[in-house]
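Student: I am attaching a structure below and will ask some questions about it afterwards.
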Amino acid sequence: MTTPTTSHWGAFRVRTRPGGALTVEPHPADPSPSPLLAGVPGSLRHPTRVARPAVRAGWLEHGPGPSARRGDEPFVEVDWDTALDLVAAELARVRAEHGPQAVFGGSYGWASAGRFHHAQSQLHRFLAQFGGYTGSRNSYSLGTSLVLLPHVVGDAETVLRASTSWPVITRHTRLIVAFGGIPAKNVHVTPGGVTRHGTPGHLAELAAAGVEVALVSPLRDDLPDGPATDWHPVAPGTDTALMLALTHTLLTEGLHDRAFLDRCTTGWDTLAAYLDGSTDGTPKSADWAAPICGLDADRIRTLARRMAATRTLVTVTWSLQRARYGEQPVWAAIALAAALGQIGLPGGGFGHGYGSMGDVGDTGPALRLPFLPQGPNPVDEFIPCARIADLLLHPGETYDYDGTRRTYPDIRLVHWAGGNPFHHHQDLGRLRRAFARPDTVVVHEPHWTATARHADIVLPVTTALEREDLGGGRRDTHLIAMHRAVAPFGEARDDHAVLAGLAERLGFAEEFTEGRSPREWLEHLYGGWADSLRAEGAGDPPPFAELWAAGEWQLPEQAQERTLFEAFRADPAGHPLATPSGRIELHSATVAALGLPDCPGHPTWLDPPERLGTRAAERHPLLLVANQPATRLHSQLDVGAPSLADKVADREAVELHPADAAARSIADGDLVRVFNDRGACLAGARLTDRLRPGVVRLPTGAWFDPVPGTEPPLCAHGNPNVLTADEPSSRLSQGCTGQHALVEIERWADGEPPPVTVRHAPVLLPHRPPPPVLENTP
């Protein structure tokens, strides 16, 4: 017998073997199951699981207060009542002494595909009822685009969730110019899960249909083998210069669509004056871009002519905007597509995120699934999520964000559930200093991640296989009844139970739980959702008992063919965009009026501070690409079988070109040190010619393992975020810039390397209550 469930990397079934061993089986309807499923069994009962509540020894002894000992001290295991009493008392103290805005509600939402046991929703609901909290906005993946796109095309949601569907691309597109490629490694993941992974099949259909792909990336593996590929190994961080040069060629050779530009855009003349050099004396020609991008000028011009001669789709991965001035490649790509005049035509125009997430271009239905309401936050304080270190280090300082001037509140307590900032964030040495500043850090975690090890109080929580839930993702084809497959590990509780215990101590348990058990919550949320679906005529879900017994319900199908901005193109006046002009803004007066030197009013080449060929590269001559891993989801499943099998020399693998390796006397499989002024990490060398010389690849997600006593930090395990800069994309978006960093690499020749320690729990001490006070007796 199998147990149904789902995950961010897909729906699957769990089978319990004699003796308690688990195996996982992909959903029978999935044509391309995720290889990440193989990581589930080994991580479920791994030695890194948190078995009991634990308190940092120094915090338990000395009480709340800033401490540089976070991440270095042992923990004392305590019982649940003691842990919840400590957390509730500290929440109450901080609220009374500093106000609710002094609590940061940190959560990133990736903990589970379940809709009720969604850690972010549970925590934010709890803290809103507690009196409020400082929260965060946007995401590390898309923080730049989410702010920019509303200024250019009216909203981000349309571009990201209603992109031209794959069947339309296969039928109509003849050339895809893929900036950042279409990385197959990412398409197995979608927030909330996916039952049928369709993108691998669509990529195969592209090849069968003869669609050509111009891959613009320093990494050949950013496009799977199959489609006819013309690889343009651009220097990292220079895509904007290439896009401007392509647009310049269209302009100067009369290949641009002036009628479309006049009818559907605003600001073309301003941009054209920049392109031809009228503004600054520098034409943005192919000859200008060639030495910047490391590509041949004639090849740039040839590509522009090919684009103008056929139905062309210009795509940009999310990775390009995770860099300094990350607004520019997204905006420049829209301008390039607009100059071609194909926006709104089937198979033409612009796309953002093909290959970045499994649901971009997918044909599944766009139906909102059941969700837990979080309620309004009484506190009007937030940060862009990638500014967490600034928030903790610089209370009272001001910063720009999307045309506003904001002030960092003084955070005294960090309450984190459902996320691992020591994976997502940059410059981990700086983040460690930031985490030393609050009075108290509380973390809900199934595993002893770096975030848990830098906490004061760690509360063990269940994984999705240890509780009941409802699961499904954006454009998923099924709603999955997530049955409990195994008993909770140790004393782990689900986040709802943890927060309900805190709410009881703080006096609002009834408001938080509404008197429902988790199963009753599932029935309640499902019932309301089913009623809404019926009222809208969008489907007739079965009763909850039938859904639960069947294990799933297939969602109603919707139209599978979409063309982004089709209605707008057909009638710009009747279907205007939500921009000030109602059209695509190639020059934004709103952005220009902000006067931001790092984000002008139109697409602009802004030279990033860390780029090949610059003065900074004289000391650190290799450009690191810290992209998403193929063997885990972010840092999840790093202790699973696929991730462990991919390690080299027991560390994360860093890929480098054979020529760069030979110049450093590095052989395949060697242990190497990757370093710059911010820090260093150990990694295992993997040589490949499928990347541009001068470029190295070290994916994110290896659990941060700082070697004690090293400053700047040395990570023994290969986490690239000891190397990346904690700088915003721009003052417009304050987005993440973790994709690139200049580094140097050397073969490890310094004796026995420090061991990897993150695959076992930290030192755990037994709790010894103080002896009872004895009264004197006569």
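To be explicit about the labels: the chains of the structure tokens are called A, B, and onward in the order shown, and within each one the residues are counted from 1, while ligands get numbers from 1 in the order they are shown.
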Set the distance at 12 Å and use only C-alpha atoms: which residues neighbour Val758 of chain A once local chain neighbours fewer than 5 positions away are removed? I'd like the list as a short mmCIF file (atom, residue, chain, number, x, y, z; two decimals) with N, CA, C and O atoms, in the first residue's frame.

Tutor:
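Result written to around_5.cif:
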```
data_model
loop_
_atom_site.label_atom_id
_atom_site.label_comp_id
_atom_site.auth_asym_id
_atom_site.auth_seq_id
_atom_site.Cartn_x
_atom_site.Cartn_y
_atom_site.Cartn_z
N HIS A 46 17.63 11.41 9.05
CA HIS A 46 19.07 11.68 9.02
C HIS A 46 19.56 12.13 10.41
O HIS A 46 18.78 12.72 11.18
N PRO A 47 20.85 11.88 10.73
CA PRO A 47 21.37 12.34 12.03
C PRO A 47 21.28 13.84 12.28
O PRO A 47 21.40 14.28 13.43
N THR A 48 21.02 14.63 11.24
CA THR A 48 20.88 16.08 11.44
C THR A 48 19.47 16.47 11.88
O THR A 48 19.22 17.67 12.10
N ARG A 49 18.54 15.54 11.99
CA ARG A 49 17.20 15.90 12.47
C ARG A 49 17.28 16.43 13.90
O ARG A 49 18.03 15.92 14.74
N GLY A 71 26.17 30.25 16.88
CA GLY A 71 26.84 29.43 15.89
C GLY A 71 28.05 28.71 16.42
O GLY A 71 28.61 27.85 15.72
N HIS A 447 15.84 20.16 10.70
CA HIS A 447 17.25 19.75 10.65
C HIS A 447 18.14 20.81 11.32
O HIS A 447 17.78 21.98 11.41
N TRP A 448 19.33 20.35 11.70
CA TRP A 448 20.32 21.26 12.26
C TRP A 448 21.06 21.99 11.13
O TRP A 448 22.23 21.76 10.86
N THR A 449 20.34 22.88 10.45
CA THR A 449 20.94 23.72 9.42
C THR A 449 21.78 24.82 10.08
O THR A 449 21.78 24.98 11.31
N ALA A 450 22.48 25.59 9.26
CA ALA A 450 23.26 26.69 9.80
C ALA A 450 22.37 27.71 10.50
O ALA A 450 22.77 28.32 11.50
N THR A 451 21.15 27.92 10.00
CA THR A 451 20.24 28.85 10.66
C THR A 451 19.88 28.35 12.05
O THR A 451 19.87 29.12 13.02
N ALA A 452 19.59 27.05 12.18
CA ALA A 452 19.30 26.49 13.50
C ALA A 452 20.52 26.63 14.42
O ALA A 452 20.38 26.96 15.61
N ARG A 453 21.71 26.42 13.91
CA ARG A 453 22.91 26.49 14.74
C ARG A 453 23.23 27.92 15.17
O ARG A 453 23.99 28.12 16.11
N ASP A 638 20.11 18.42 0.97
CA ASP A 638 21.57 18.35 0.83
C ASP A 638 22.14 17.09 1.47
O ASP A 638 23.24 16.66 1.12
N VAL A 639 21.39 16.51 2.41
CA VAL A 639 21.82 15.24 3.01
C VAL A 639 21.14 14.05 2.33
O VAL A 639 21.26 12.92 2.79
N ASP A 650 34.33 15.03 -0.91
CA ASP A 650 33.41 15.17 0.23
C ASP A 650 32.84 16.58 0.35
O ASP A 650 32.22 16.90 1.36
N ARG A 651 33.06 17.41 -0.66
CA ARG A 651 32.56 18.79 -0.62
C ARG A 651 31.71 19.05 -1.87
O ARG A 651 31.64 18.23 -2.78
N ALA A 702 24.96 24.03 -0.55
CA ALA A 702 25.72 23.20 0.38
C ALA A 702 25.59 23.83 1.77
O ALA A 702 25.82 25.03 1.94
N TRP A 703 25.27 23.03 2.77
CA TRP A 703 25.05 23.58 4.12
C TRP A 703 26.32 24.27 4.62
O TRP A 703 27.41 23.69 4.60
N PHE A 704 26.14 25.49 5.04
CA PHE A 704 27.25 26.34 5.51
C PHE A 704 27.93 25.68 6.71
O PHE A 704 27.28 25.34 7.70
N ASP A 705 29.25 25.53 6.62
CA ASP A 705 30.02 24.82 7.64
C ASP A 705 31.28 25.63 7.96
O ASP A 705 32.38 25.28 7.54
N PRO A 706 31.14 26.73 8.72
CA PRO A 706 32.30 27.59 8.98
C PRO A 706 33.32 26.91 9.88
O PRO A 706 32.96 26.30 10.90
N VAL A 707 34.57 27.01 9.50
CA VAL A 707 35.64 26.45 10.31
C VAL A 707 35.87 27.37 11.50
O VAL A 707 36.07 28.58 11.32
N CYS A 715 34.39 28.19 4.74
CA CYS A 715 33.38 27.14 4.79
C CYS A 715 34.01 25.84 4.33
O CYS A 715 34.51 25.75 3.20
N ALA A 716 33.96 24.82 5.17
CA ALA A 716 34.60 23.55 4.84
C ALA A 716 33.82 22.75 3.81
O ALA A 716 34.33 21.77 3.28
N HIS A 717 32.60 23.18 3.50
CA HIS A 717 31.68 22.33 2.72
C HIS A 717 31.44 22.84 1.31
O HIS A 717 30.95 22.08 0.47
N GLY A 718 31.74 24.12 1.03
CA GLY A 718 31.57 24.62 -0.33
C GLY A 718 30.37 25.50 -0.56
O GLY A 718 29.79 25.49 -1.66
N ASN A 719 29.97 26.29 0.42
CA ASN A 719 28.86 27.22 0.23
C ASN A 719 29.37 28.49 -0.44
O ASN A 719 30.19 29.22 0.14
N VAL A 763 26.92 19.91 19.39
CA VAL A 763 27.02 19.38 20.75
C VAL A 763 25.72 19.68 21.50
O VAL A 763 25.27 20.83 21.55
#
```

Student: From a backbone DSSP assignment, name each residue in segment 80-193 of chain A labelled strand (DSSP E), as a VMD selection string.

Tutor: chain A and resid 103 to 106 135 to 137 175 to 179

Student: Output N, CA, C and O atoms for every residue in the selection just made, as a JSON list (two decimals), in the first residue's frame.

Tutor:
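again06.json written:
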```json
[["chain", "number", "residue", "atom", "x", "y", "z"],
["A", 103, "VAL", "N", 9.89, 42.69, 16.45],
["A", 103, "VAL", "CA", 9.92, 41.26, 16.13],
["A", 103, "VAL", "C", 9.96, 41.11, 14.62],
["A", 103, "VAL", "O", 9.11, 41.65, 13.90],
["A", 104, "PHE", "N", 10.96, 40.39, 14.12],
["A", 104, "PHE", "CA", 11.03, 40.12, 12.69],
["A", 104, "PHE", "C", 10.48, 38.73, 12.43],
["A", 104, "PHE", "O", 10.99, 37.74, 12.97],
["A", 105, "GLY", "N", 9.42, 38.66, 11.63],
["A", 105, "GLY", "CA", 8.81, 37.38, 11.27],
["A", 105, "GLY", "C", 9.44, 36.83, 10.01],
["A", 105, "GLY", "O", 8.96, 37.07, 8.90],
["A", 106, "GLY", "N", 10.53, 36.10, 10.17],
["A", 106, "GLY", "CA", 11.28, 35.60, 9.02],
["A", 106, "GLY", "C", 10.74, 34.26, 8.56],
["A", 106, "GLY", "O", 10.62, 33.32, 9.33],
["A", 135, "GLY", "N", 7.94, 42.39, 8.59],
["A", 135, "GLY", "CA", 8.00, 41.30, 7.63],
["A", 135, "GLY", "C", 8.94, 41.61, 6.48],
["A", 135, "GLY", "O", 9.75, 42.55, 6.54],
["A", 136, "SER", "N", 8.84, 40.81, 5.44],
["A", 136, "SER", "CA", 9.67, 41.02, 4.25],
["A", 136, "SER", "C", 8.81, 40.92, 3.01],
["A", 136, "SER", "O", 7.71, 40.33, 3.04],
["A", 137, "ARG", "N", 9.32, 41.48, 1.92],
["A", 137, "ARG", "CA", 8.61, 41.46, 0.64],
["A", 137, "ARG", "C", 9.49, 40.87, -0.45],
["A", 137, "ARG", "O", 10.71, 40.88, -0.36],
["A", 175, "LEU", "N", 12.89, 30.82, -33.76],
["A", 175, "LEU", "CA", 14.16, 31.09, -33.10],
["A", 175, "LEU", "C", 13.89, 31.57, -31.68],
["A", 175, "LEU", "O", 13.11, 32.50, -31.48],
["A", 176, "ILE", "N", 14.52, 30.92, -30.71],
["A", 176, "ILE", "CA", 14.50, 31.39, -29.33],
["A", 176, "ILE", "C", 15.88, 31.93, -29.01],
["A", 176, "ILE", "O", 16.88, 31.24, -29.18],
["A", 177, "VAL", "N", 15.93, 33.16, -28.58],
["A", 177, "VAL", "CA", 17.19, 33.74, -28.10],
["A", 177, "VAL", "C", 17.10, 33.73, -26.58],
["A", 177, "VAL", "O", 16.37, 34.53, -25.98],
["A", 178, "ALA", "N", 17.83, 32.79, -25.99],
["A", 178, "ALA", "CA", 17.66, 32.47, -24.57],
["A", 178, "ALA", "C", 18.82, 33.04, -23.77],
["A", 178, "ALA", "O", 19.88, 32.41, -23.69],
["A", 179, "PHE", "N", 18.62, 34.21, -23.20],
["A", 179, "PHE", "CA", 19.61, 34.82, -22.33],
["A", 179, "PHE", "C", 19.56, 34.12, -20.97],
["A", 179, "PHE", "O", 18.57, 34.18, -20.27]]
```

Student: Apply DSSP to the backbone of this structure and, from segment 105-199 of chain A, keep only the residues in helix (DSSP H, G or I); write these as an MDAnalysis selection string.

Tutor: chainID A and resid 119:130 143:153 156:161 166:172 184:186 199

Student: If we count only C-alpha atoms, what is near Pro609 of chain A at a cut-off of 12 Å, once residues fewer than 4 positions away on the same chain are taken out, given as a list in words?

Tutor: Gly237, Thr238, Ala323, Arg324, Tyr325, Asp598, Gly613, Thr614, Arg615, Ala616, Ala617, Leu623, Ala725, Glu727, Ser729, Thr737, His740, Ala741 and Leu742 of chain A

Student: Kindly save the residues from that selection, with all heavy atoms included, as a short mmCIF file (atom, residue, chain, number, x, y, z; two decimals), in the first residue's frame.

Tutor:
```
data_model
loop_
_atom_site.label_atom_id
_atom_site.label_comp_id
_atom_site.auth_asym_id
_atom_site.auth_seq_id
_atom_site.Cartn_x
_atom_site.Cartn_y
_atom_site.Cartn_z
N GLY A 237 27.44 38.72 -16.71
CA GLY A 237 27.15 40.09 -16.31
C GLY A 237 27.14 41.10 -17.44
O GLY A 237 27.01 42.30 -17.19
N THR A 238 27.28 40.63 -18.70
CA THR A 238 27.35 41.57 -19.83
C THR A 238 26.18 41.42 -20.79
O THR A 238 26.22 41.96 -21.89
CB THR A 238 28.67 41.38 -20.59
OG1 THR A 238 28.68 40.09 -21.23
CG2 THR A 238 29.86 41.49 -19.66
N ALA A 323 21.73 40.04 -9.84
CA ALA A 323 23.08 40.58 -10.00
C ALA A 323 23.01 42.09 -9.88
O ALA A 323 21.92 42.69 -9.92
CB ALA A 323 23.66 40.18 -11.36
N ARG A 324 24.18 42.72 -9.71
CA ARG A 324 24.19 44.18 -9.69
C ARG A 324 23.60 44.70 -10.99
O ARG A 324 23.89 44.22 -12.08
CB ARG A 324 25.63 44.68 -9.52
CG ARG A 324 26.22 44.45 -8.14
CD ARG A 324 25.49 45.23 -7.04
NE ARG A 324 25.55 46.66 -7.22
CZ ARG A 324 26.54 47.44 -6.77
NH1 ARG A 324 27.56 46.90 -6.12
NH2 ARG A 324 26.51 48.73 -6.95
N TYR A 325 22.75 45.72 -10.84
CA TYR A 325 22.03 46.34 -11.95
C TYR A 325 21.17 45.30 -12.69
O TYR A 325 21.01 45.34 -13.91
CB TYR A 325 23.00 47.01 -12.93
CG TYR A 325 24.09 47.80 -12.25
CD1 TYR A 325 25.43 47.63 -12.59
CD2 TYR A 325 23.80 48.71 -11.24
CE1 TYR A 325 26.44 48.34 -11.97
CE2 TYR A 325 24.81 49.43 -10.60
CZ TYR A 325 26.13 49.24 -10.97
OH TYR A 325 27.13 49.94 -10.34
N ASP A 598 21.97 54.08 -10.19
CA ASP A 598 22.08 52.65 -10.44
C ASP A 598 20.83 52.08 -11.10
O ASP A 598 20.74 50.87 -11.31
CB ASP A 598 22.40 51.88 -9.15
CG ASP A 598 21.43 52.17 -8.01
OD1 ASP A 598 20.42 52.86 -8.25
OD2 ASP A 598 21.69 51.71 -6.88
N GLY A 613 37.88 41.06 -16.78
CA GLY A 613 38.54 42.12 -17.54
C GLY A 613 38.62 43.45 -16.85
O GLY A 613 39.20 44.40 -17.39
N THR A 614 38.08 43.55 -15.65
CA THR A 614 38.11 44.81 -14.92
C THR A 614 39.31 44.84 -13.98
O THR A 614 40.02 43.85 -13.80
CB THR A 614 36.82 45.00 -14.10
OG1 THR A 614 36.72 43.92 -13.15
CG2 THR A 614 35.60 44.99 -15.01
N ARG A 615 39.53 45.97 -13.38
CA ARG A 615 40.66 46.10 -12.46
C ARG A 615 40.50 45.16 -11.27
O ARG A 615 41.48 44.59 -10.76
CB ARG A 615 40.77 47.54 -11.98
CG ARG A 615 41.99 47.80 -11.13
CD ARG A 615 42.31 49.26 -11.04
NE ARG A 615 43.58 49.49 -10.38
CZ ARG A 615 44.20 50.66 -10.36
NH1 ARG A 615 43.67 51.71 -10.97
NH2 ARG A 615 45.35 50.80 -9.74
N ALA A 616 39.26 44.98 -10.82
CA ALA A 616 39.04 44.08 -9.69
C ALA A 616 39.44 42.65 -10.02
O ALA A 616 39.79 41.87 -9.12
CB ALA A 616 37.56 44.13 -9.27
N ALA A 617 39.40 42.29 -11.30
CA ALA A 617 39.73 40.93 -11.71
C ALA A 617 41.24 40.68 -11.74
O ALA A 617 41.65 39.54 -11.96
CB ALA A 617 39.12 40.63 -13.08
N LEU A 623 35.47 34.41 -12.66
CA LEU A 623 34.11 34.86 -12.35
C LEU A 623 33.27 33.66 -11.91
O LEU A 623 33.03 32.74 -12.71
CB LEU A 623 33.49 35.54 -13.57
CG LEU A 623 32.27 36.46 -13.38
CD1 LEU A 623 31.03 35.70 -12.95
CD2 LEU A 623 32.55 37.58 -12.42
N ALA A 725 28.67 39.10 -2.69
CA ALA A 725 28.55 40.41 -2.03
C ALA A 725 27.13 40.67 -1.58
O ALA A 725 26.17 40.41 -2.31
CB ALA A 725 29.00 41.51 -2.98
N GLU A 727 25.17 43.21 -1.56
CA GLU A 727 24.86 44.51 -2.13
C GLU A 727 23.56 44.41 -2.90
O GLU A 727 23.29 43.38 -3.54
CB GLU A 727 25.98 44.97 -3.07
CG GLU A 727 27.32 45.17 -2.41
CD GLU A 727 27.37 46.43 -1.55
OE1 GLU A 727 26.47 47.27 -1.72
OE2 GLU A 727 28.30 46.56 -0.75
N SER A 729 20.72 45.00 -5.89
CA SER A 729 20.73 45.18 -7.34
C SER A 729 20.74 46.66 -7.68
O SER A 729 21.51 47.12 -8.53
CB SER A 729 19.52 44.50 -7.96
OG SER A 729 19.42 44.79 -9.33
N THR A 737 21.77 39.97 -5.19
CA THR A 737 22.83 39.97 -6.21
C THR A 737 23.76 38.77 -6.03
O THR A 737 24.97 38.88 -6.21
CB THR A 737 23.64 41.27 -6.15
OG1 THR A 737 24.26 41.39 -4.85
CG2 THR A 737 22.77 42.49 -6.37
N HIS A 740 26.83 36.31 -9.07
CA HIS A 740 28.20 36.43 -9.54
C HIS A 740 29.13 36.94 -8.46
O HIS A 740 28.73 37.71 -7.58
CB HIS A 740 28.27 37.42 -10.72
CG HIS A 740 27.49 37.01 -11.91
ND1 HIS A 740 26.95 37.92 -12.81
CD2 HIS A 740 27.14 35.79 -12.38
CE1 HIS A 740 26.31 37.27 -13.76
NE2 HIS A 740 26.41 35.98 -13.52
N ALA A 741 30.39 36.54 -8.54
CA ALA A 741 31.45 37.08 -7.68
C ALA A 741 32.79 36.77 -8.32
O ALA A 741 32.99 35.68 -8.88
CB ALA A 741 31.38 36.48 -6.27
N LEU A 742 33.72 37.70 -8.23
CA LEU A 742 35.09 37.44 -8.65
C LEU A 742 35.81 36.64 -7.57
O LEU A 742 35.71 36.95 -6.38
CB LEU A 742 35.83 38.75 -8.91
CG LEU A 742 35.48 39.48 -10.20
CD1 LEU A 742 36.14 40.85 -10.24
CD2 LEU A 742 35.87 38.67 -11.44
#
```

Student: With only C-alpha atoms as the counted atoms, please give the residues lying no more than 10 Å from Thr363 of chain A, apart from itself and same-chain residues fewer than 4 positions off, as a tab-separated table (two decimals) with N, CA, C and O atoms, in the first residue's frame.

Tutor:
```tsv
chain	number	residue	atom	x	y	z
A	162	ALA	N	1.47	34.21	-16.72
A	162	ALA	CA	0.65	34.04	-17.93
A	162	ALA	C	1.52	34.11	-19.18
A	162	ALA	O	1.10	34.59	-20.22
A	164	THR	N	3.62	33.04	-22.51
A	164	THR	CA	3.23	32.26	-23.68
A	164	THR	C	3.48	30.78	-23.41
A	164	THR	O	4.55	30.39	-22.94
A	165	SER	N	2.49	29.95	-23.70
A	165	SER	CA	2.58	28.54	-23.34
A	165	SER	C	3.44	27.77	-24.34
A	165	SER	O	3.59	28.17	-25.51
A	166	TRP	N	3.97	26.65	-23.87
A	166	TRP	CA	4.89	25.86	-24.69
A	166	TRP	C	4.27	25.38	-26.00
A	166	TRP	O	4.97	25.40	-27.04
A	167	PRO	N	3.03	24.93	-26.05
A	167	PRO	CA	2.48	24.51	-27.35
A	167	PRO	C	2.49	25.63	-28.39
A	167	PRO	O	2.72	25.37	-29.58
A	198	GLY	N	5.93	18.86	-17.30
A	198	GLY	CA	5.76	18.94	-18.75
A	198	GLY	C	6.91	19.55	-19.52
A	198	GLY	O	7.08	19.28	-20.71
A	199	THR	N	7.74	20.37	-18.84
A	199	THR	CA	8.77	21.12	-19.58
A	199	THR	C	9.77	20.23	-20.30
A	199	THR	O	10.13	20.51	-21.44
A	359	ASP	N	6.68	25.87	-13.77
A	359	ASP	CA	5.36	26.26	-14.24
A	359	ASP	C	5.38	27.37	-15.28
A	359	ASP	O	4.32	27.74	-15.79
A	475	ARG	N	-0.49	26.16	-11.45
A	475	ARG	CA	-0.70	25.41	-12.70
A	475	ARG	C	-0.54	23.90	-12.52
A	475	ARG	O	-0.25	23.18	-13.47
A	476	ASP	N	-0.73	23.44	-11.29
A	476	ASP	CA	-0.73	21.99	-11.07
A	476	ASP	C	-2.01	21.41	-11.65
A	476	ASP	O	-3.03	22.09	-11.76
A	477	THR	N	-1.94	20.14	-12.02
A	477	THR	CA	-3.11	19.47	-12.58
A	477	THR	C	-3.94	18.75	-11.53
A	477	THR	O	-5.06	18.31	-11.82
A	557	GLU	N	-9.44	21.18	-16.48
A	557	GLU	CA	-8.52	21.70	-17.48
A	557	GLU	C	-8.98	23.08	-17.96
A	557	GLU	O	-10.16	23.40	-17.94
A	558	GLN	N	-8.01	23.86	-18.37
A	558	GLN	CA	-8.28	25.17	-18.96
A	558	GLN	C	-7.56	25.26	-20.30
A	558	GLN	O	-6.81	24.35	-20.68
A	559	ALA	N	-7.77	26.34	-21.02
A	559	ALA	CA	-7.13	26.52	-22.32
A	559	ALA	C	-5.62	26.38	-22.19
A	559	ALA	O	-5.01	26.98	-21.29
A	560	GLN	N	-5.02	25.60	-23.06
A	560	GLN	CA	-3.59	25.32	-22.98
A	560	GLN	C	-2.76	26.25	-23.85
A	560	GLN	O	-1.53	26.17	-23.81
A	561	GLU	N	-3.39	27.08	-24.63
A	561	GLU	CA	-2.64	27.98	-25.51
A	561	GLU	C	-2.82	29.42	-25.05
A	561	GLU	O	-3.94	29.91	-24.92
A	562	ARG	N	-1.69	30.07	-24.77
A	562	ARG	CA	-1.68	31.47	-24.33
A	562	ARG	C	-0.57	32.20	-25.09
A	562	ARG	O	0.50	31.64	-25.36
```

Student: For a quick check of understanding, using only C-alpha atoms, which of A:Glu752, A:Gly429, A:His478, A:Ile745 has the smallest distance to Thr724 of chain A?

Tutor: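 Closest to Thr724 of chain A, using only C-alpha atoms: A:Gly429.
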
Student: Name the closest residue to Pro291 of chain A among the candidates A:Val152, A:Leu547, A:Thr3, A:Ala235; distances are taken between atoms, counting only C-alpha atoms.

Tutor: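 Checking each of A:Val152, A:Leu547, A:Thr3, A:Ala235 against Pro291 of chain A, counting only C-alpha atoms, the winner is A:Ala235.
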
Student: Quick one: everything within 7 Å of Val443 of chain A, counting only C-alpha atoms, minus sequence neighbours fewer than 5 positions away in the same chain. Send it as JSON, numbers by chain.

Tutor: {"A": [415, 416, 417, 452, 455, 457, 458, 459]}

Student: Store the residues picked out above in a file with N, CA and C atoms, as a CSV table (one decimal), in the first residue's frame.

Tutor:
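For reference, selection.csv as written:
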```csv
chain,number,residue,atom,x,y,z
A,415,HIS,N,12.1,35.7,14.7
A,415,HIS,CA,11.3,34.4,14.8
A,415,HIS,C,11.2,33.9,13.4
A,416,TRP,N,11.9,32.7,13.2
A,416,TRP,CA,12.1,32.2,11.8
A,416,TRP,C,11.5,30.8,11.7
A,417,ALA,N,10.7,30.6,10.7
A,417,ALA,CA,10.1,29.3,10.4
A,417,ALA,C,10.0,29.1,8.9
A,452,ALA,N,19.6,27.1,12.2
A,452,ALA,CA,19.3,26.5,13.5
A,452,ALA,C,20.5,26.6,14.4
A,455,ALA,N,20.8,30.0,16.1
A,455,ALA,CA,19.7,30.4,16.9
A,455,ALA,C,20.0,30.3,18.4
A,457,ILE,N,17.0,29.5,20.5
A,457,ILE,CA,16.0,28.5,20.8
A,457,ILE,C,15.6,27.8,19.5
A,458,VAL,N,15.8,26.5,19.5
A,458,VAL,CA,15.5,25.7,18.3
A,458,VAL,C,14.3,24.8,18.6
A,459,LEU,N,13.2,24.9,17.9
A,459,LEU,CA,12.0,24.1,18.1
A,459,LEU,C,11.9,23.1,17.0
```

Student: When you look at Leu499 of chain A with a cut-off of 8 Å (counting only C-alpha atoms), what residues show up, excluding the ones that are within fewer than 2 positions of it in the same chain? I need them as JSON, numbers by chain.

Tutor: {"A": [122, 123, 126, 495, 496, 497, 501, 502, 503]}

Student: Can you build me a table of segment 350-422 of chain A residues sitting at most 12 Å from segment 537-545 of chain A, with the closest atom pair per residue and its distance in Å to one decimal, using only C-alpha atoms, sorted by chain and residue number, as CSV?

Tutor:
```
residue,atom,partner,partner_atom,distance
A:Pro365,CA,A:Ala538,CA,10.3
A:Ala366,CA,A:Ala538,CA,10.6
A:Leu367,CA,A:Ala538,CA,8.6
A:Arg368,CA,A:Ala538,CA,10.8
A:Leu369,CA,A:Pro541,CA,11.7
```

Student: Which residues are close to Ser163 of chain A, i.e. within 8 Å by only C-alpha atoms, leaving aside same-chain residues fewer than 5 positions away? Reply as a list in words.

Tutor: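 The residues satisfying every condition are Thr158, Gly351, His352, Val360, Gly361, Arg562, Thr563 and Leu564 of chain A.
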
Student: Which of these, A:Ser32, A:Asn186, A:Thr265, A:Thr144, has the shortest distance to Gly582 of chain A once you count only C-alpha atoms?

Tutor: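 The shortest atom-to-atom distance to Gly582 of chain A comes from A:Thr265.
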
Student: Measuring atom to atom with only C-alpha atoms, identify which of A:Pro373, A:Gly396, A:Gly473, A:Pro576 is nearest to Asp410 of chain A.

Tutor: A:Gly396
